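What follows is the content of work_30.cif (mmCIF, C-alpha atoms).
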data_final
#
loop_
_atom_site.label_atom_id
_atom_site.label_comp_id
_atom_site.auth_asym_id
_atom_site.auth_seq_id
_atom_site.Cartn_x
_atom_site.Cartn_y
_atom_site.Cartn_z
CA LYS S 254 203.25 67.06 -88.65
CA LYS S 255 200.34 64.82 -89.65
CA GLN S 256 200.91 62.68 -86.57
CA PHE S 257 201.09 65.80 -84.39
CA ASP S 258 197.80 67.11 -85.83
CA ARG S 259 196.14 63.75 -85.18
CA ASN S 260 197.49 63.78 -81.61
CA ILE S 261 196.06 67.25 -80.99
CA VAL S 262 192.58 66.14 -82.07
CA GLN S 263 192.81 63.00 -79.91
CA VAL S 264 194.15 64.80 -76.83
CA VAL S 265 191.65 67.68 -77.01
CA GLU S 266 188.83 65.15 -77.09
CA GLU S 267 190.40 62.95 -74.39
CA THR S 268 190.84 65.84 -71.93
CA GLY S 269 187.51 67.54 -72.74
CA ILE S 270 188.92 70.97 -73.62
CA SER S 271 187.24 71.46 -77.00
CA ASP S 272 184.94 74.15 -75.51
CA ILE S 273 187.89 76.34 -74.53
CA TYR S 274 190.33 75.33 -77.28
CA TYR S 275 190.61 78.85 -78.75
CA ARG S 276 190.38 80.72 -75.44
CA PRO S 277 193.53 82.25 -73.88
CA ILE S 278 194.67 80.07 -70.97
CA GLY S 279 194.57 83.08 -68.61
CA GLN S 280 190.79 83.29 -69.09
CA CYS S 281 190.22 79.65 -68.14
CA SER S 282 189.15 78.26 -64.78
CA LYS S 283 191.66 76.36 -62.63
CA GLY S 284 190.04 73.08 -63.70
CA TYR S 285 190.46 73.85 -67.41
CA LYS S 286 194.03 75.02 -66.79
CA GLN S 287 194.74 71.62 -65.20
CA ARG S 288 193.18 69.85 -68.18
CA THR S 289 195.16 71.98 -70.64
CA GLY S 290 198.41 71.15 -68.84
CA LEU S 291 197.43 67.50 -68.96
CA ALA S 292 196.69 67.78 -72.69
CA ALA S 293 200.16 69.26 -73.27
CA ALA S 294 201.73 66.33 -71.39
CA LEU S 295 199.75 63.85 -73.50
CA LEU S 296 200.56 65.35 -76.91
CA HIS S 297 203.41 62.95 -77.65
CA LEU S 298 201.27 60.00 -76.40
CA PRO S 299 203.58 58.92 -73.54
CA ARG S 300 203.37 55.35 -72.25
CA ILE S 301 203.99 56.59 -68.71
CA LEU S 302 202.38 59.72 -67.28
CA ILE S 303 203.62 61.12 -63.94
CA MET S 304 201.26 63.52 -62.16
CA ASP S 305 202.01 65.50 -58.99
CA GLU S 306 198.98 66.69 -56.95
CA PRO S 307 196.75 67.01 -60.07
CA THR S 308 193.64 68.03 -58.11
CA GLU S 309 195.34 70.63 -55.88
CA GLY S 310 193.26 73.79 -55.53
CA LEU S 311 190.23 72.47 -57.41
CA ASP S 312 186.65 72.61 -56.17
CA PRO S 313 184.82 69.28 -55.53
CA ASN S 314 183.19 69.21 -59.00
CA GLN S 315 186.50 69.90 -60.75
CA ARG S 316 188.21 67.25 -58.58
CA ALA S 317 185.63 64.66 -59.65
CA THR S 318 186.09 65.57 -63.33
CA ILE S 319 189.90 65.37 -63.18
CA ARG S 320 189.69 62.13 -61.17
CA ASP S 321 187.46 60.53 -63.83
CA LEU S 322 189.82 61.80 -66.53
CA ILE S 323 192.84 60.25 -64.79
CA LYS S 324 191.02 56.92 -64.42
CA GLY S 325 190.19 56.98 -68.12
CA LEU S 326 193.80 57.72 -69.05
CA GLY S 327 194.93 54.72 -67.01
CA GLY S 328 193.28 52.38 -69.50
CA ASP S 329 195.83 53.15 -72.24
CA ARG S 330 198.98 53.95 -70.27
CA THR S 331 200.60 53.75 -66.86
CA VAL S 332 199.71 56.75 -64.70
CA LEU S 333 201.81 57.46 -61.61
CA LEU S 334 200.02 59.82 -59.24
CA SER S 335 201.82 61.54 -56.36
CA THR S 336 199.53 63.05 -53.73
CA HIS S 337 198.88 63.38 -50.02
CA VAL S 338 195.11 63.43 -50.52
CA LEU S 339 194.44 59.79 -49.76
CA SER S 340 190.72 59.97 -50.51
CA GLU S 341 191.76 60.85 -54.08
CA VAL S 342 194.09 57.86 -54.16
CA GLN S 343 191.37 55.52 -52.98
CA ALA S 344 188.89 56.84 -55.56
CA THR S 345 191.35 56.92 -58.48
CA CYS S 346 194.13 54.36 -58.22
CA GLN S 347 194.24 50.61 -58.74
CA ARG S 348 197.39 50.19 -56.64
CA LEU S 349 199.11 52.44 -54.16
CA MET S 350 202.44 52.73 -52.41
CA MET S 351 203.16 54.58 -49.17
CA ILE S 352 206.67 55.94 -48.77
CA ASN S 353 208.32 57.17 -45.56
CA ASN S 354 211.82 58.69 -45.68
CA GLY S 355 212.47 57.07 -49.06
CA GLN S 356 211.40 53.60 -47.88
CA ILE S 357 208.28 51.75 -49.05
CA VAL S 358 206.21 51.05 -45.92
CA ALA S 359 203.10 49.64 -47.65
CA GLN S 360 201.99 48.73 -51.15
CA GLY S 361 199.11 46.96 -52.87
CA THR S 362 195.47 47.74 -53.51
CA ALA S 363 193.69 49.96 -50.98
CA ASP S 364 191.79 46.89 -49.69
CA GLU S 365 194.99 44.86 -49.32
CA ILE S 366 196.73 47.63 -47.40
CA GLN S 367 193.73 48.19 -45.15
CA SER S 368 193.44 44.46 -44.41
CA GLN S 369 197.13 44.37 -43.41
CA ALA S 370 196.52 46.97 -40.68
CA ARG S 371 197.16 45.34 -37.32
CA GLY S 372 195.11 46.02 -34.21
CA GLN S 373 193.12 48.79 -35.82
CA ASN S 374 189.64 47.34 -36.13
CA HIS S 375 187.03 49.90 -35.10
CA ILE S 376 183.36 49.61 -34.25
CA VAL S 377 181.05 52.62 -34.25
CA LEU S 378 178.13 52.45 -31.83
CA GLU S 379 175.27 54.87 -31.26
CA ILE S 380 173.14 53.74 -28.35
CA GLU S 381 170.56 54.81 -25.79
CA GLY S 382 170.31 53.46 -22.23
CA GLU S 383 171.63 53.44 -18.68
CA GLY S 384 175.17 52.38 -17.72
CA VAL S 385 176.28 51.90 -21.32
CA GLU S 386 179.90 52.98 -20.97
CA GLU S 387 180.49 50.84 -17.87
CA GLY S 388 178.88 47.83 -19.57
CA LEU S 389 180.96 48.21 -22.73
CA LEU S 390 184.19 48.40 -20.75
CA GLU S 391 183.50 44.87 -19.44
CA LEU S 392 183.66 43.39 -22.95
CA PRO S 393 186.66 41.15 -23.70
CA ASP S 394 189.00 42.04 -26.59
CA LEU S 395 188.18 45.74 -26.19
CA ASN S 396 191.40 47.75 -26.53
CA GLY S 397 189.91 51.23 -26.34
CA LEU S 398 186.65 53.08 -25.96
CA GLU S 399 186.34 56.68 -27.13
CA ARG S 400 183.20 58.63 -26.38
CA GLN S 401 182.02 60.87 -29.22
CA LYS S 402 179.64 63.82 -29.15
CA SER S 403 176.11 62.83 -28.12
CA VAL S 404 173.37 62.95 -30.76
CA ASP S 405 169.88 63.91 -29.53
CA GLY S 406 170.67 62.44 -26.12
CA ARG S 407 172.01 59.22 -27.60
CA GLN S 408 175.55 58.18 -26.69
CA LYS S 409 178.06 57.55 -29.46
CA PHE S 410 181.29 55.56 -29.12
CA THR S 411 184.20 54.45 -31.26
CA MET S 412 185.60 51.15 -30.04
CA GLU S 413 189.02 49.75 -30.88
CA VAL S 414 189.05 45.96 -30.76
CA SER S 415 191.69 43.27 -31.01
CA GLU S 416 192.75 42.05 -34.43
CA ASN S 417 190.25 39.73 -36.15
CA ARG S 418 187.70 40.15 -33.35
CA ASP S 419 184.14 41.24 -34.06
CA LEU S 420 182.35 42.36 -30.91
CA ARG S 421 179.09 43.30 -32.64
CA PRO S 422 177.18 40.11 -31.69
CA ARG S 423 178.24 40.51 -28.04
CA ILE S 424 177.28 44.18 -28.05
CA PHE S 425 173.89 43.28 -29.49
CA ARG S 426 173.28 40.60 -26.83
CA LEU S 427 174.47 42.94 -24.07
CA ALA S 428 172.11 45.67 -25.31
CA LYS S 429 169.22 43.22 -25.39
CA ASN S 430 169.90 42.03 -21.82
CA ARG S 431 170.20 45.59 -20.46
CA ASN S 432 167.32 47.10 -22.45
CA TRP S 433 169.55 49.48 -24.42
CA VAL S 434 168.36 50.77 -27.78
CA ILE S 435 170.93 50.52 -30.58
CA TRP S 436 170.63 53.24 -33.22
CA GLU S 437 173.81 52.42 -35.11
CA LEU S 438 176.31 49.56 -34.96
CA HIS S 439 178.87 48.97 -37.68
CA GLU S 440 182.47 48.03 -38.25
CA GLU S 441 184.52 50.88 -39.66
CA ALA S 442 187.23 50.21 -42.20
CA VAL S 443 190.64 51.59 -41.35
CA ARG S 444 190.94 54.95 -43.07
CA LEU S 445 193.97 55.31 -45.31
CA ASP S 446 194.76 58.65 -43.66
CA ASP S 447 194.96 56.97 -40.23
CA LEU S 448 197.04 54.12 -41.64
CA PHE S 449 199.42 56.55 -43.35
CA TYR S 450 199.77 58.45 -40.08
CA SER S 451 200.59 55.29 -38.13
CA LEU S 452 203.09 54.04 -40.73
CA THR S 453 204.92 57.33 -41.13
#
Spell out the structure here as C-alpha coordinates.
Amino acid sequence: KKQFDRNIVQVVEETGISDIYYRPIGQCSKGYKQRTGLAAALLHLPRILIMDEPTEGLDPNQRATIRDLIKGLGGDRTVLLSTHVLSEVQATCQRLMMINNGQIVAQGTADEIQSQARGQNHIVLEIEGEGVEEGLLELPDLNGLERQKSVDGRQKFTMEVSENRDLRPRIFRLAKNRNWVIWELHEEAVRLDDLFYSLT
(Lines of atoms letter the chains of each structure in order from A and count residues from 1; the text may use other names and numbers.)
(Lines give C-alpha, C1' and ligand atoms only; values in the text may rest on other atoms or scores of the structure.)
Protein backbone atom coordinates (compact mmCIF):
# COMPACT_ATOMS: atom_id res chain seq x y z
CA LYS A 1 0.00 0.00 0.00
CA LYS A 2 2.82 2.43 0.79
CA GLN A 3 4.35 1.79 -2.63
CA PHE A 4 0.95 2.28 -4.28
CA ASP A 5 0.44 5.61 -2.47
CA ARG A 6 3.90 6.76 -3.56
CA ASN A 7 3.11 5.73 -7.14
CA ILE A 8 -0.13 7.74 -7.12
CA VAL A 9 1.70 10.89 -6.03
CA GLN A 10 4.39 10.35 -8.68
CA VAL A 11 1.95 9.57 -11.50
CA VAL A 12 -0.41 12.47 -10.72
CA GLU A 13 2.54 14.84 -10.90
CA GLU A 14 4.01 13.17 -13.99
CA THR A 15 0.76 13.39 -15.97
CA GLY A 16 -0.22 16.87 -14.71
CA ILE A 17 -3.67 15.94 -13.37
CA SER A 18 -3.35 17.41 -9.87
CA ASP A 19 -5.81 20.21 -10.77
CA ILE A 20 -8.59 17.73 -11.55
CA TYR A 21 -7.60 14.94 -9.14
CA TYR A 22 -10.85 15.10 -7.14
CA ARG A 23 -13.14 15.89 -10.08
CA PRO A 24 -15.39 13.16 -11.54
CA ILE A 25 -13.90 11.94 -14.83
CA GLY A 26 -17.17 12.69 -16.66
CA GLN A 27 -16.67 16.41 -15.95
CA CYS A 28 -13.17 16.48 -17.43
CA SER A 29 -12.14 17.59 -20.91
CA LYS A 30 -11.03 14.99 -23.48
CA GLY A 31 -7.40 15.98 -22.87
CA TYR A 32 -7.67 15.39 -19.11
CA LYS A 33 -9.50 12.11 -19.73
CA GLN A 34 -6.55 11.01 -21.88
CA ARG A 35 -4.11 12.02 -19.15
CA THR A 36 -6.14 10.21 -16.49
CA GLY A 37 -6.16 7.02 -18.58
CA LEU A 38 -2.41 7.41 -19.00
CA ALA A 39 -2.01 7.87 -15.24
CA ALA A 40 -3.94 4.64 -14.62
CA ALA A 41 -1.64 2.80 -17.04
CA LEU A 42 1.43 4.18 -15.25
CA LEU A 43 0.34 3.34 -11.69
CA HIS A 44 2.32 0.10 -11.51
CA LEU A 45 5.36 1.84 -13.10
CA PRO A 46 5.60 -0.37 -16.22
CA ARG A 47 8.91 -0.62 -18.06
CA ILE A 48 7.07 -0.75 -21.38
CA LEU A 49 4.07 1.45 -22.19
CA ILE A 50 2.00 0.73 -25.32
CA MET A 51 -0.21 3.56 -26.56
CA ASP A 52 -2.75 3.40 -29.40
CA GLU A 53 -3.70 6.74 -31.05
CA PRO A 54 -3.17 8.72 -27.80
CA THR A 55 -3.94 12.11 -29.39
CA GLU A 56 -7.08 11.02 -31.26
CA GLY A 57 -9.87 13.59 -30.98
CA LEU A 58 -7.79 16.22 -29.18
CA ASP A 59 -7.51 19.86 -30.17
CA PRO A 60 -4.05 21.20 -31.24
CA ASN A 61 -3.19 22.51 -27.74
CA GLN A 62 -4.16 19.21 -26.09
CA ARG A 63 -2.19 17.29 -28.75
CA ALA A 64 0.93 19.33 -27.98
CA THR A 65 0.52 18.72 -24.23
CA ILE A 66 0.05 14.95 -24.62
CA ARG A 67 2.94 14.81 -27.11
CA ASP A 68 5.28 16.54 -24.62
CA LEU A 69 4.05 14.20 -21.89
CA ILE A 70 4.79 11.13 -24.03
CA LYS A 71 8.28 12.42 -24.83
CA GLY A 72 8.92 12.95 -21.12
CA LEU A 73 7.73 9.44 -20.30
CA GLY A 74 10.16 8.02 -22.85
CA GLY A 75 13.09 9.07 -20.68
CA ASP A 76 12.33 6.46 -18.01
CA ARG A 77 10.72 3.64 -19.99
CA THR A 78 10.13 2.29 -23.47
CA VAL A 79 7.03 3.82 -25.07
CA LEU A 80 5.52 2.12 -28.11
CA LEU A 81 3.17 4.44 -29.97
CA SER A 82 0.76 3.18 -32.62
CA THR A 83 -0.73 5.89 -34.84
CA HIS A 84 -1.50 6.87 -38.41
CA VAL A 85 -0.84 10.56 -37.70
CA LEU A 86 2.71 10.70 -39.00
CA SER A 87 3.27 14.33 -38.02
CA GLU A 88 2.77 13.16 -34.42
CA VAL A 89 5.31 10.39 -34.95
CA GLN A 90 7.87 12.80 -36.34
CA ALA A 91 7.38 15.23 -33.45
CA THR A 92 7.33 12.59 -30.70
CA CYS A 93 9.32 9.46 -31.52
CA GLN A 94 13.03 8.73 -31.63
CA ARG A 95 12.59 5.74 -33.94
CA LEU A 96 9.74 4.60 -36.12
CA MET A 97 8.63 1.51 -37.97
CA MET A 98 6.22 1.35 -40.91
CA ILE A 99 4.25 -1.86 -41.28
CA ASN A 100 2.29 -3.03 -44.34
CA ASN A 101 0.24 -6.24 -44.16
CA GLY A 102 2.22 -7.41 -41.14
CA GLN A 103 5.60 -6.81 -42.80
CA ILE A 104 8.10 -4.12 -41.77
CA VAL A 105 8.66 -1.93 -44.85
CA ALA A 106 10.82 0.76 -43.21
CA GLN A 107 12.42 1.43 -39.85
CA GLY A 108 14.88 3.84 -38.27
CA THR A 109 14.83 7.49 -37.31
CA ALA A 110 12.59 9.80 -39.35
CA ASP A 111 15.70 11.30 -41.01
CA GLU A 112 17.09 7.85 -41.88
CA ILE A 113 13.81 6.74 -43.42
CA GLN A 114 13.43 9.96 -45.38
CA SER A 115 17.00 9.72 -46.70
CA GLN A 116 16.31 6.15 -47.91
CA ALA A 117 13.47 7.39 -50.14
CA ARG A 118 14.45 6.78 -53.74
CA GLY A 119 13.66 9.15 -56.59
CA GLN A 120 11.54 11.41 -54.44
CA ASN A 121 13.59 14.59 -54.17
CA HIS A 122 11.37 17.64 -54.63
CA ILE A 123 12.14 21.28 -55.30
CA VAL A 124 9.60 24.03 -54.69
CA LEU A 125 9.89 27.07 -56.94
CA GLU A 126 7.93 30.31 -56.95
CA ILE A 127 8.95 32.47 -59.88
CA GLU A 128 7.96 35.39 -62.08
CA GLY A 129 8.77 35.70 -65.79
CA GLU A 130 8.03 34.69 -69.37
CA GLY A 131 8.33 31.13 -70.69
CA VAL A 132 9.15 29.66 -67.28
CA GLU A 133 7.44 26.30 -67.66
CA GLU A 134 8.96 25.64 -71.09
CA GLY A 135 12.41 26.61 -69.81
CA LEU A 136 12.18 24.36 -66.75
CA LEU A 137 11.14 21.37 -68.85
CA GLU A 138 14.50 21.61 -70.67
CA LEU A 139 16.45 20.93 -67.47
CA PRO A 140 18.25 17.57 -67.26
CA ASP A 141 17.42 15.17 -64.39
CA LEU A 142 13.89 16.59 -64.15
CA ASN A 143 11.44 13.71 -63.66
CA GLY A 144 8.27 15.73 -63.21
CA LEU A 145 6.96 19.27 -63.09
CA GLU A 146 3.68 20.04 -61.35
CA ARG A 147 2.19 23.50 -61.59
CA GLN A 148 0.64 24.78 -58.37
CA LYS A 149 -1.84 27.59 -57.83
CA SER A 150 -0.44 31.00 -58.80
CA VAL A 151 0.30 33.49 -56.02
CA ASP A 152 -0.24 37.18 -56.89
CA GLY A 153 0.55 36.45 -60.53
CA ARG A 154 3.69 34.50 -59.67
CA GLN A 155 3.97 30.93 -60.93
CA LYS A 156 4.57 28.14 -58.44
CA PHE A 157 5.93 24.67 -59.28
CA THR A 158 6.83 21.46 -57.52
CA MET A 159 9.63 19.66 -59.33
CA GLU A 160 10.55 16.00 -58.92
CA VAL A 161 14.21 15.39 -59.66
CA SER A 162 16.43 12.35 -59.99
CA GLU A 163 17.96 10.83 -56.88
CA ASN A 164 20.90 12.79 -55.42
CA ARG A 165 20.49 15.60 -57.97
CA ASP A 166 20.14 19.21 -56.89
CA LEU A 167 18.88 21.40 -59.72
CA ARG A 168 18.77 24.62 -57.68
CA PRO A 169 22.05 26.08 -59.02
CA ARG A 170 20.94 25.40 -62.61
CA ILE A 171 17.52 26.92 -61.95
CA PHE A 172 19.18 30.00 -60.49
CA ARG A 173 21.50 30.39 -63.52
CA LEU A 174 18.60 29.82 -65.93
CA ALA A 175 16.53 32.46 -64.12
CA LYS A 176 19.41 34.91 -64.28
CA ASN A 177 19.92 34.35 -68.03
CA ARG A 178 16.19 34.73 -68.81
CA ASN A 179 15.50 37.64 -66.45
CA TRP A 180 13.11 35.66 -64.24
CA VAL A 181 12.56 36.76 -60.66
CA ILE A 182 12.79 33.96 -58.08
CA TRP A 183 10.59 34.47 -55.03
CA GLU A 184 11.14 31.05 -53.47
CA LEU A 185 13.48 28.15 -54.22
CA HIS A 186 14.04 25.32 -51.78
CA GLU A 187 14.43 21.58 -51.58
CA GLU A 188 11.53 19.90 -49.84
CA ALA A 189 12.11 16.91 -47.60
CA VAL A 190 10.06 13.84 -48.40
CA ARG A 191 7.00 13.94 -46.18
CA LEU A 192 6.48 10.83 -44.08
CA ASP A 193 2.84 10.71 -45.21
CA ASP A 194 3.92 10.53 -48.87
CA LEU A 195 6.56 7.92 -48.06
CA PHE A 196 4.06 5.82 -46.11
CA TYR A 197 1.66 6.04 -49.05
CA SER A 198 4.30 4.90 -51.53
CA LEU A 199 5.49 2.03 -49.31
CA THR A 200 2.04 0.71 -48.48
Taking only residues of segment 337-401 of chain S that have an atom at most 9 Å from an atom of segment 411-415 of chain S, what is each one's shortest atom pair and its distance in Å to one decimal, using only C-alpha atoms, in chain and number order, as a Markdown table?
| residue | atom | partner | partner_atom | distance |
| --- | --- | --- | --- | --- |
| S:Arg371 | CA | S:Ser415 | CA | 8.6 |
| S:Gly372 | CA | S:Ser415 | CA | 5.4 |
| S:Gln373 | CA | S:Glu413 | CA | 6.5 |
| S:Asn374 | CA | S:Val414 | CA | 5.6 |
| S:His375 | CA | S:Glu413 | CA | 4.7 |
| S:Ile376 | CA | S:Met412 | CA | 5.0 |
| S:Val377 | CA | S:Thr411 | CA | 4.7 |
| S:Leu378 | CA | S:Thr411 | CA | 6.4 |
| S:Glu379 | CA | S:Thr411 | CA | 8.9 |
| S:Pro393 | CA | S:Val414 | CA | 8.9 |
| S:Asp394 | CA | S:Ser415 | CA | 5.3 |
| S:Leu395 | CA | S:Val414 | CA | 4.7 |
| S:Asn396 | CA | S:Val414 | CA | 5.2 |
| S:Gly397 | CA | S:Glu413 | CA | 4.9 |
| S:Leu398 | CA | S:Met412 | CA | 4.6 |
| S:Glu399 | CA | S:Thr411 | CA | 5.2 |
| S:Arg400 | CA | S:Thr411 | CA | 6.5 |
| S:Gln401 | CA | S:Thr411 | CA | 7.1 |
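Nearest residue to Leu390 of chain S, choosing from S:Ile424, S:Val262, S:Gly355, S:Lys255 and counting only C-alpha atoms: S:Ile424.
Here atom CA of Gln347 of chain S stands at a distance of 17.3 Å from atom CA of Phe449 of chain S.
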| said: Give me the residues near Arg431 of chain S as a PyMOL selection string, where near means some atom within 12 Å (using all atoms listed in the file) and where sequence neighbours in that chain fewer than 5 positions away do not count. | reply: chain S and resi 380-385+387-389+424-426
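Among the candidates S:Glu386, S:Glu306, S:Glu365, S:Glu341, the residue lying nearest to Trp433 of chain S is S:Glu386 (atoms considered: only C-alpha atoms).
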| field | Å distance separating atom CA of Leu445 of chain S from atom CA of Ser340 of chain S, one decimal place | value | 7.7 Å
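Taking atom CA of Met350 of chain S and atom CA of Gly284 of chain S as the two end points, the separation is 26.4 Å.
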| task | Have a look at S:Ser271, S:Thr345, S:Ser335, S:Thr289 and name the one nearest to Arg316 of chain S; count only C-alpha atoms. | result | S:Thr345
| message | Since I can't run it myself right now, could you work out what the PyMOL selection byres ((chain S and resi 332) around 7) selects here and report it as a VMD selection string? | response | chain S and resid 301 to 303 327 330 to 331 333 to 334
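Counting only C-alpha atoms and comparing S:Glu440, S:Asp405, S:Asp447, S:Glu391, the residue that lies closest to Arg421 of chain S is S:Glu440.
Distances to Asp329 of chain S were evaluated for S:Asp446, S:Glu267, S:Asp272, S:Glu441 using only C-alpha atoms, and the minimum falls at S:Glu267.
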| field | Ground truth for the PyMOL selection byres ((chain S and resi 450) around 12), written as a VMD selection string | value | chain S and resid 337 339 351 to 353 358 370 443 to 449 451 to 453
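Compared by their closest atoms to Ala344 of chain S, and using all atoms listed in the file, the residues S:Ala363, S:Asn430, S:Gly290, S:Arg259 rank with S:Ala363 nearest.
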